[in-house]
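Shown below: entry-v9.txt, with compact mmCIF, C-alpha atoms.
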```
# COMPACT_ATOMS: atom_id res chain seq x y z
CA MET G 1 -21.32 39.16 44.07
CA SER G 2 -23.22 41.74 46.04
CA GLY G 3 -26.15 43.71 44.66
CA GLY G 4 -26.30 46.20 47.53
CA ARG G 5 -24.93 49.16 45.54
CA GLY G 6 -26.42 48.40 42.16
CA TYR G 7 -28.50 51.57 42.16
CA GLU G 8 -25.31 53.60 42.76
CA GLY G 9 -23.43 52.26 39.78
CA GLY G 10 -21.92 49.36 41.77
CA ARG G 11 -21.63 45.61 41.10
CA THR G 12 -24.73 43.48 40.75
CA ARG G 13 -25.38 39.83 39.99
CA MET G 14 -25.50 40.83 36.33
CA GLY G 15 -22.14 42.65 36.46
CA THR G 16 -20.95 46.19 37.20
CA LYS G 17 -23.40 48.93 36.29
CA VAL G 18 -22.38 51.81 34.07
CA ILE G 19 -24.36 55.04 34.44
CA LEU G 20 -23.98 58.19 32.35
CA ASN G 21 -24.55 61.38 34.35
CA ILE G 22 -25.47 64.34 32.14
CA TYR G 23 -25.20 68.01 33.14
CA ASP G 24 -26.32 71.34 31.68
CA LEU G 25 -23.80 74.08 30.90
CA SER G 26 -26.34 76.66 29.75
CA PRO G 27 -29.98 77.59 30.42
CA ALA G 28 -30.45 77.32 26.64
CA ASN G 29 -30.57 73.55 27.18
CA ASP G 30 -34.16 73.86 28.32
CA PHE G 31 -34.95 74.57 24.67
CA LEU G 32 -32.15 72.67 22.94
CA TYR G 33 -32.82 69.43 24.83
CA SER G 34 -36.27 69.18 23.26
CA ILE G 35 -34.74 69.14 19.76
CA GLY G 36 -32.00 66.63 20.57
CA MET G 37 -29.10 68.98 21.31
CA GLY G 38 -27.56 70.94 24.16
CA LEU G 39 -24.42 72.25 25.83
CA HIS G 40 -23.64 69.26 28.04
CA HIS G 41 -20.99 67.93 30.37
CA SER G 42 -21.01 64.23 31.16
CA GLY G 43 -19.34 61.76 33.49
CA VAL G 44 -19.42 57.97 33.74
CA GLU G 45 -20.47 56.66 37.14
CA ILE G 46 -19.05 53.27 38.10
CA LEU G 47 -18.66 51.68 41.55
CA GLY G 48 -19.68 54.86 43.35
CA ARG G 49 -17.28 57.23 41.54
CA GLU G 50 -17.77 59.43 38.50
CA TYR G 51 -15.06 59.57 35.80
CA SER G 52 -14.61 62.42 33.39
CA PHE G 53 -12.01 64.40 31.40
CA ALA G 54 -10.86 68.04 31.45
CA SER G 55 -8.02 70.29 30.33
CA GLY G 56 -5.09 70.39 32.73
CA GLY G 57 -6.43 67.50 34.80
CA GLY G 58 -6.82 64.82 32.15
CA ILE G 59 -8.95 61.91 33.37
CA PHE G 60 -10.25 62.55 36.89
CA ASP G 61 -12.84 61.12 39.25
CA SER G 62 -15.28 62.83 41.61
CA SER G 63 -18.41 62.24 43.63
CA PRO G 64 -21.34 61.25 41.37
CA LYS G 65 -23.75 63.94 40.21
CA GLU G 66 -21.64 66.75 41.72
CA ALA G 67 -19.54 68.04 38.82
CA PRO G 68 -18.22 71.51 39.73
CA GLY G 69 -19.70 74.35 37.73
CA ALA G 70 -22.49 72.34 36.09
CA GLN G 71 -26.19 71.69 36.72
CA PHE G 72 -27.09 67.99 36.95
CA ARG G 73 -29.85 67.03 34.52
CA GLU G 74 -30.27 63.25 34.41
CA ALA G 75 -28.67 59.82 34.83
CA ILE G 76 -28.96 57.17 32.13
CA GLU G 77 -28.18 53.53 32.93
CA LEU G 78 -26.30 52.16 29.93
CA GLY G 79 -25.73 48.56 30.99
CA ALA G 80 -23.32 46.39 32.96
CA PHE G 81 -19.97 44.78 32.21
CA ASP G 82 -18.35 41.64 33.53
CA GLY G 83 -15.69 42.49 36.05
CA GLY G 84 -15.04 45.17 38.62
CA SER G 85 -12.46 47.69 39.71
CA SER G 86 -9.47 46.03 38.03
CA GLU G 87 -11.20 45.92 34.64
CA LEU G 88 -12.29 49.54 35.06
CA GLN G 89 -8.77 50.71 35.91
CA SER G 90 -7.39 48.77 32.94
CA ALA G 91 -9.84 50.51 30.59
CA ILE G 92 -8.97 53.94 32.03
CA SER G 93 -5.22 53.23 31.72
CA ASP G 94 -5.69 52.42 28.06
CA LEU G 95 -7.31 55.85 27.55
CA ARG G 96 -4.86 58.00 29.54
CA GLU G 97 -2.57 58.72 26.61
CA GLU G 98 -5.39 59.71 24.26
CA PHE G 99 -7.06 61.81 26.98
CA GLY G 100 -4.00 63.37 28.59
CA PRO G 101 -3.98 66.71 30.49
CA ASP G 102 -2.83 68.63 27.39
CA ARG G 103 -5.02 66.82 24.85
CA TYR G 104 -8.34 68.53 25.60
CA ASN G 105 -10.22 70.17 22.73
CA LEU G 106 -13.72 71.58 23.17
CA ILE G 107 -14.83 70.37 19.74
CA ARG G 108 -12.74 67.29 18.95
CA ARG G 109 -11.81 65.77 22.33
CA ASN G 110 -13.99 66.87 25.24
CA CYS G 111 -15.53 65.22 28.30
CA ASN G 112 -18.30 63.66 26.21
CA HIS G 113 -15.76 62.09 23.84
CA PHE G 114 -14.06 60.53 26.87
CA ALA G 115 -17.36 59.25 28.27
CA ASN G 116 -18.13 57.69 24.90
CA ALA G 117 -14.67 56.06 24.71
CA LEU G 118 -14.88 54.62 28.22
CA VAL G 119 -18.42 53.30 27.70
CA TRP G 120 -17.33 51.72 24.41
CA ARG G 121 -14.41 49.98 26.14
CA LEU G 122 -16.64 48.56 28.85
CA LEU G 123 -19.95 47.92 27.08
CA ASN G 124 -19.14 48.04 23.35
CA ARG G 125 -21.81 50.71 22.81
CA THR G 126 -21.93 54.50 22.46
CA ILE G 127 -23.51 57.20 24.62
CA PRO G 128 -26.74 58.89 23.39
CA GLY G 129 -26.04 61.11 20.36
CA HIS G 130 -27.66 64.26 21.72
CA VAL G 131 -25.07 64.59 24.49
CA ASN G 132 -22.29 65.70 22.14
CA ARG G 133 -24.20 66.67 19.00
CA LEU G 134 -23.30 70.38 19.18
CA ALA G 135 -19.59 69.49 19.27
CA ASP G 136 -20.09 67.30 16.20
CA PHE G 137 -21.63 70.26 14.39
CA GLY G 138 -18.90 72.54 15.72
CA VAL G 139 -16.19 70.59 13.88
CA CYS G 140 -17.32 72.35 10.71
CA CYS G 141 -16.51 75.80 12.13
CA SER G 142 -13.78 75.02 14.67
CA CYS G 143 -11.27 77.06 12.65
CA LEU G 144 -13.29 80.19 13.50
CA LEU G 145 -13.03 79.68 17.28
CA PRO G 146 -10.16 81.06 19.40
CA LYS G 147 -7.53 78.49 20.31
CA LYS G 148 -7.82 79.35 24.01
CA LEU G 149 -11.55 78.66 23.93
CA LEU G 150 -10.99 75.25 22.35
CA GLU G 151 -8.33 74.16 24.84
CA GLU G 152 -10.05 75.01 28.13
CA ALA G 153 -12.77 72.88 29.69
CA PRO G 154 -15.81 74.54 31.30
CA VAL G 155 -15.94 71.77 33.93
CA GLY G 156 -13.15 69.99 35.75
CA PRO G 157 -10.53 70.25 38.50
CA ASN G 158 -8.70 73.07 36.69
CA ALA G 159 -11.63 74.82 35.04
CA GLY G 160 -10.60 78.42 35.53
CA GLY G 161 -9.80 77.94 39.21
CA ASN G 162 -13.40 78.26 40.38
CA SER G 163 -16.60 76.28 40.43
CA SER G 164 -18.70 78.39 38.16
CA GLY G 165 -16.93 78.03 34.86
CA GLY G 166 -13.57 78.32 33.19
CA ALA G 167 -11.74 81.01 31.36
CA SER G 168 -13.23 79.62 28.19
CA GLY G 169 -16.26 81.86 28.72
CA PHE G 170 -18.72 79.07 29.50
CA GLN G 171 -20.77 79.42 32.63
CA ALA G 172 -23.06 76.95 34.34
CA PHE G 173 -26.58 78.13 35.10
CA GLY G 174 -29.39 76.58 37.02
CA ARG G 175 -32.71 76.17 35.26
CA PRO G 176 -35.23 79.00 35.62
CA GLY G 177 -36.93 78.81 39.01
CA THR G 178 -34.19 76.69 40.59
CA SER G 179 -31.10 77.44 42.59
CA ASP G 180 -27.82 75.60 43.01
CA LYS G 181 -26.66 75.84 46.61
CA LYS G 182 -23.24 74.48 45.73
CA ASN G 183 -22.56 77.53 43.60
CA ASP G 184 -23.72 80.17 46.12
CA GLY G 185 -21.10 82.88 46.50
CA ALA G 186 -19.00 81.59 43.65
CA SER G 187 -17.66 84.15 41.25
CA SER G 188 -18.89 83.87 37.69
CA SER G 189 -16.75 84.30 34.62
CA SER G 190 -17.73 86.40 31.65
CA THR G 191 -16.23 87.48 28.39
CA ILE G 192 -15.96 91.23 27.84
CA ALA G 193 -16.90 91.86 24.24
CA PHE G 194 -16.11 95.58 24.14
CA THR G 195 -13.77 97.80 26.13
CA GLY G 196 -13.02 101.49 26.31
CA SER G 197 -15.12 104.57 26.94
CA GLY G 198 -18.13 105.23 24.78
CA ALA G 199 -20.17 108.35 24.07
CA VAL G 200 -23.30 108.69 26.16
CA LEU G 201 -26.30 110.52 24.75
CA GLY G 202 -26.74 113.76 26.65
CA GLY G 203 -23.37 113.33 28.35
CA SER G 204 -20.33 115.57 28.44
CA GLN G 205 -18.71 113.73 25.56
CA GLU G 206 -21.69 114.43 23.34
CA SER G 207 -21.67 118.10 24.40
CA GLU G 208 -17.98 118.36 23.57
CA SER G 209 -18.59 116.76 20.19
CA ARG G 210 -21.42 119.17 19.44
CA SER G 211 -19.35 122.19 20.52
CA LEU G 212 -16.51 121.10 18.26
CA LEU G 213 -18.90 120.61 15.39
CA GLY G 214 -20.48 124.01 16.07
CA SER G 215 -17.06 125.67 16.16
CA TRP G 216 -16.17 124.13 12.82
CA ARG G 217 -19.46 125.18 11.28
CA GLY G 218 -19.15 128.70 12.77
CA GLY G 219 -15.62 129.08 11.46
CA THR G 220 -16.67 127.97 8.01
CA ALA G 221 -19.63 130.39 7.98
CA LYS G 222 -17.42 133.25 9.14
CA LYS G 223 -14.96 132.59 6.35
CA GLY G 224 -17.82 132.57 3.86
CA GLU G 225 -19.11 135.89 5.14
CA ASP G 226 -15.64 137.49 4.96
CA SER G 227 -15.23 136.28 1.40
CA LEU G 228 -18.61 137.74 0.38
CA THR G 229 -17.76 141.10 1.98
CA ASP G 230 -14.45 141.22 0.13
CA ARG G 231 -16.16 140.55 -3.19
CA ARG G 232 -18.77 143.27 -2.54
CA GLU G 233 -16.07 145.80 -1.58
CA LYS G 234 -14.07 145.02 -4.69
CA ALA G 235 -17.19 145.42 -6.85
CA ARG G 236 -17.96 148.78 -5.20
CA MET G 237 -14.41 150.02 -5.73
CA ALA G 238 -14.50 148.93 -9.36
CA ALA G 239 -17.81 150.74 -9.90
CA LEU G 240 -16.42 153.94 -8.36
CA ALA G 241 -13.34 153.68 -10.57
CA ARG G 242 -15.50 153.37 -13.71
CA MET G 243 -17.61 156.37 -12.65
CA ASN G 244 -14.47 158.46 -12.11
CA ASN G 245 -13.10 157.47 -15.49
CA GLN G 246 -16.38 158.42 -17.19
CA GLY G 247 -16.36 161.83 -15.43
CA ASP G 248 -12.82 162.56 -16.57
CA SER G 249 -13.72 161.70 -20.19
CA GLU G 250 -16.72 164.03 -20.22
CA SER G 251 -14.73 166.98 -18.81
CA GLU G 252 -12.17 166.61 -21.55
```
Any chance you could give the structure as structure tokens?
Amino acid sequence: MSGGRGYEGGRTRMGTKVILNIYDLSPANDFLYSIGMGLHHSGVEILGREYSFASGGGIFDSSPKEAPGAQFREAIELGAFDGGSSELQSAISDLREEFGPDRYNLIRRNCNHFANALVWRLLNRTIPGHVNRLADFGVCCSCLLPKKLLEEAPVGPNAGGNSSGGASGFQAFGRPGTSDKKNDGASSSSTIAFTGSGAVLGGSQESESRSLLGSWRGGTAKKGEDSLTDRREKARMAALARMNNQGDSESE
């Protein structure tokens, strides 16, 4: 066996290395990572290729540490297994049905679930718990999330058709003070929370609203004044009628 590519996830005298590459999907990870959580994407690097899972693409491989639309954070060496490419392909084949192109779910079956399954097949161990801890918590409230959000991966060959995030609304960000040259010029996706025209303070819409309110108030006041005038006129006419009646009585 050759140990020349051991540092790249290749075969060594002790077997074939398995490396977990972890990526950030949000700048919030700079805080969440310190408390054992985060919005992460992960891929398993073996023999110079990185294997992961996404909606539409199913299980796919790519160049290590270059997942589209994600910021690489760290690589964790998990161990080595006896065998090589044939054993790896056998393990992946066993997982293709469970992790098919239409089986992705952001909470219950995402890229981190695949990484954990592949590592378990090869090494009989799990990936670090913090990598997918938010998804584990999310199971409790998955019924509140839109179906489209759950079924689209933020990273992968079909993640929204660009390299900066999918239609799910996730977007990859570099850490503060850093830049990602691979994502320069790429369009970013965002979710529009509100649509339609709103009233702007001091704008024409506000002026129109005020004029309508003033017209209503003016109309109401005018009606009130007319009603008061009518009552006063009726009282005056009644008083004159009484005075006339009294005058007629006295003359008789």
Separating CA of Val119 in chain G from CA of Leu20 in chain G, to the nearest tenth of an Å, is a gap of 8.7 Å
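The residue that comes closest to Phe99 in chain G, out of G:Ser55, G:Asn244, G:Ser85, G:Ser63 and on the basis of only C-alpha atoms, is G:Ser55.
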Using only C-alpha atoms, the residue out of G:Gly129, G:Pro27, G:Gly100, G:Gly79 with shortest distance to Asn112 in chain G is G:Gly129
- Query: Smallest atom-to-atom distance to Met14 in chain G: which of G:Ser86, G:Arg109, G:Ala239, G:Phe81, using only C-alpha atoms?
  - Reply: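 Once distances to Met14 in chain G are computed over only C-alpha atoms, the minimum belongs to G:Phe81.
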Quick one: residues within 8 Å of range 133-135 of chain G, only C-alpha atoms counted, chain neighbours fewer than 4 positions away excluded, as an mmCIF file with C-alpha atoms, in the frame of the given file?
```cif
data_model
loop_
_atom_site.group_PDB
_atom_site.id
_atom_site.type_symbol
_atom_site.label_atom_id
_atom_site.label_comp_id
_atom_site.auth_asym_id
_atom_site.auth_seq_id
_atom_site.Cartn_x
_atom_site.Cartn_y
_atom_site.Cartn_z
ATOM 1 C CA GLY G 36 -32.000 66.630 20.570
ATOM 2 C CA MET G 37 -29.100 68.980 21.310
ATOM 3 C CA GLY G 38 -27.560 70.940 24.160
ATOM 4 C CA LEU G 39 -24.420 72.250 25.830
ATOM 5 C CA LEU G 106 -13.720 71.580 23.170
ATOM 6 C CA ILE G 107 -14.830 70.370 19.740
ATOM 7 C CA ARG G 108 -12.740 67.290 18.950
ATOM 8 C CA GLY G 129 -26.040 61.110 20.360
ATOM 9 C CA VAL G 139 -16.190 70.590 13.880
#
```
> Any idea what the distance is between CA of Tyr51 in chain G and CA of Ala115 in chain G?
Replying inline: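 Separation of CA of Tyr51 in chain G and CA of Ala115 in chain G: 7.9 Å.
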query = What is the distance, in Å and to one decimal place, between CA of Arg96 in chain G and CA of Gly57 in chain G?
reply =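 Pair CA of Arg96 in chain G / CA of Gly57 in chain G returns 11.0 Å.
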Complete range 34-45 of chain G with all heavy atoms (output as a short mmCIF file (atom, residue, chain, number, x, y, z; two decimals), in the frame of the given file).
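File produced: part_2.cif:
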```cif
data_model
loop_
_atom_site.label_atom_id
_atom_site.label_comp_id
_atom_site.auth_asym_id
_atom_site.auth_seq_id
_atom_site.Cartn_x
_atom_site.Cartn_y
_atom_site.Cartn_z
N SER G 34 -35.04 69.67 23.90
CA SER G 34 -36.27 69.18 23.26
C SER G 34 -36.08 68.88 21.78
O SER G 34 -36.88 68.17 21.17
CB SER G 34 -37.40 70.19 23.44
OG SER G 34 -37.08 71.41 22.77
N ILE G 35 -35.00 69.41 21.18
CA ILE G 35 -34.74 69.14 19.76
C ILE G 35 -33.48 68.28 19.58
O ILE G 35 -32.88 68.24 18.51
CB ILE G 35 -34.59 70.45 18.96
CG1 ILE G 35 -33.47 71.34 19.53
CG2 ILE G 35 -35.90 71.21 18.95
CD1 ILE G 35 -33.21 72.59 18.70
N GLY G 36 -33.09 67.59 20.67
CA GLY G 36 -32.00 66.63 20.57
C GLY G 36 -30.61 67.22 20.57
O GLY G 36 -29.68 66.61 20.02
N MET G 37 -30.42 68.38 21.21
CA MET G 37 -29.10 68.98 21.31
C MET G 37 -28.93 69.61 22.68
O MET G 37 -29.80 69.49 23.54
CB MET G 37 -28.90 70.03 20.20
CG MET G 37 -28.82 69.48 18.80
SD MET G 37 -28.28 70.70 17.58
CE MET G 37 -29.65 71.84 17.61
N GLY G 38 -27.79 70.26 22.90
CA GLY G 38 -27.56 70.94 24.16
C GLY G 38 -26.09 71.12 24.43
O GLY G 38 -25.24 70.48 23.82
N LEU G 39 -25.79 72.06 25.34
CA LEU G 39 -24.42 72.25 25.83
C LEU G 39 -24.29 71.41 27.09
O LEU G 39 -24.74 71.81 28.17
CB LEU G 39 -24.17 73.73 26.13
CG LEU G 39 -24.15 74.66 24.91
CD1 LEU G 39 -24.22 76.10 25.36
CD2 LEU G 39 -22.91 74.42 24.08
N HIS G 40 -23.66 70.24 26.95
CA HIS G 40 -23.64 69.26 28.04
C HIS G 40 -22.24 68.92 28.51
O HIS G 40 -21.28 68.92 27.73
CB HIS G 40 -24.31 67.96 27.60
CG HIS G 40 -25.78 68.07 27.35
ND1 HIS G 40 -26.69 68.36 28.35
CD2 HIS G 40 -26.51 67.92 26.21
CE1 HIS G 40 -27.91 68.39 27.84
NE2 HIS G 40 -27.84 68.13 26.55
N HIS G 41 -22.14 68.63 29.80
CA HIS G 41 -20.99 67.93 30.37
C HIS G 41 -21.48 66.56 30.79
O HIS G 41 -22.66 66.39 31.14
CB HIS G 41 -20.46 68.69 31.60
CG HIS G 41 -19.49 67.89 32.41
ND1 HIS G 41 -18.21 67.64 32.00
CD2 HIS G 41 -19.64 67.28 33.62
CE1 HIS G 41 -17.59 66.91 32.91
NE2 HIS G 41 -18.43 66.68 33.90
N SER G 42 -20.61 65.57 30.74
CA SER G 42 -21.01 64.23 31.16
C SER G 42 -19.89 63.53 31.90
O SER G 42 -18.70 63.85 31.73
CB SER G 42 -21.45 63.39 29.95
OG SER G 42 -20.34 63.14 29.09
N GLY G 43 -20.28 62.60 32.76
CA GLY G 43 -19.34 61.76 33.49
C GLY G 43 -19.89 60.35 33.58
O GLY G 43 -21.11 60.15 33.56
N VAL G 44 -19.01 59.37 33.68
CA VAL G 44 -19.42 57.97 33.74
C VAL G 44 -19.32 57.49 35.18
O VAL G 44 -18.22 57.48 35.76
CB VAL G 44 -18.55 57.09 32.82
CG1 VAL G 44 -19.03 55.64 32.87
CG2 VAL G 44 -18.59 57.62 31.39
N GLU G 45 -20.44 57.11 35.75
CA GLU G 45 -20.47 56.66 37.14
C GLU G 45 -20.34 55.14 37.21
O GLU G 45 -21.15 54.41 36.64
CB GLU G 45 -21.78 57.10 37.81
CG GLU G 45 -21.88 56.69 39.26
CD GLU G 45 -23.20 57.09 39.90
OE1 GLU G 45 -23.94 57.88 39.28
OE2 GLU G 45 -23.49 56.61 41.01
#
```
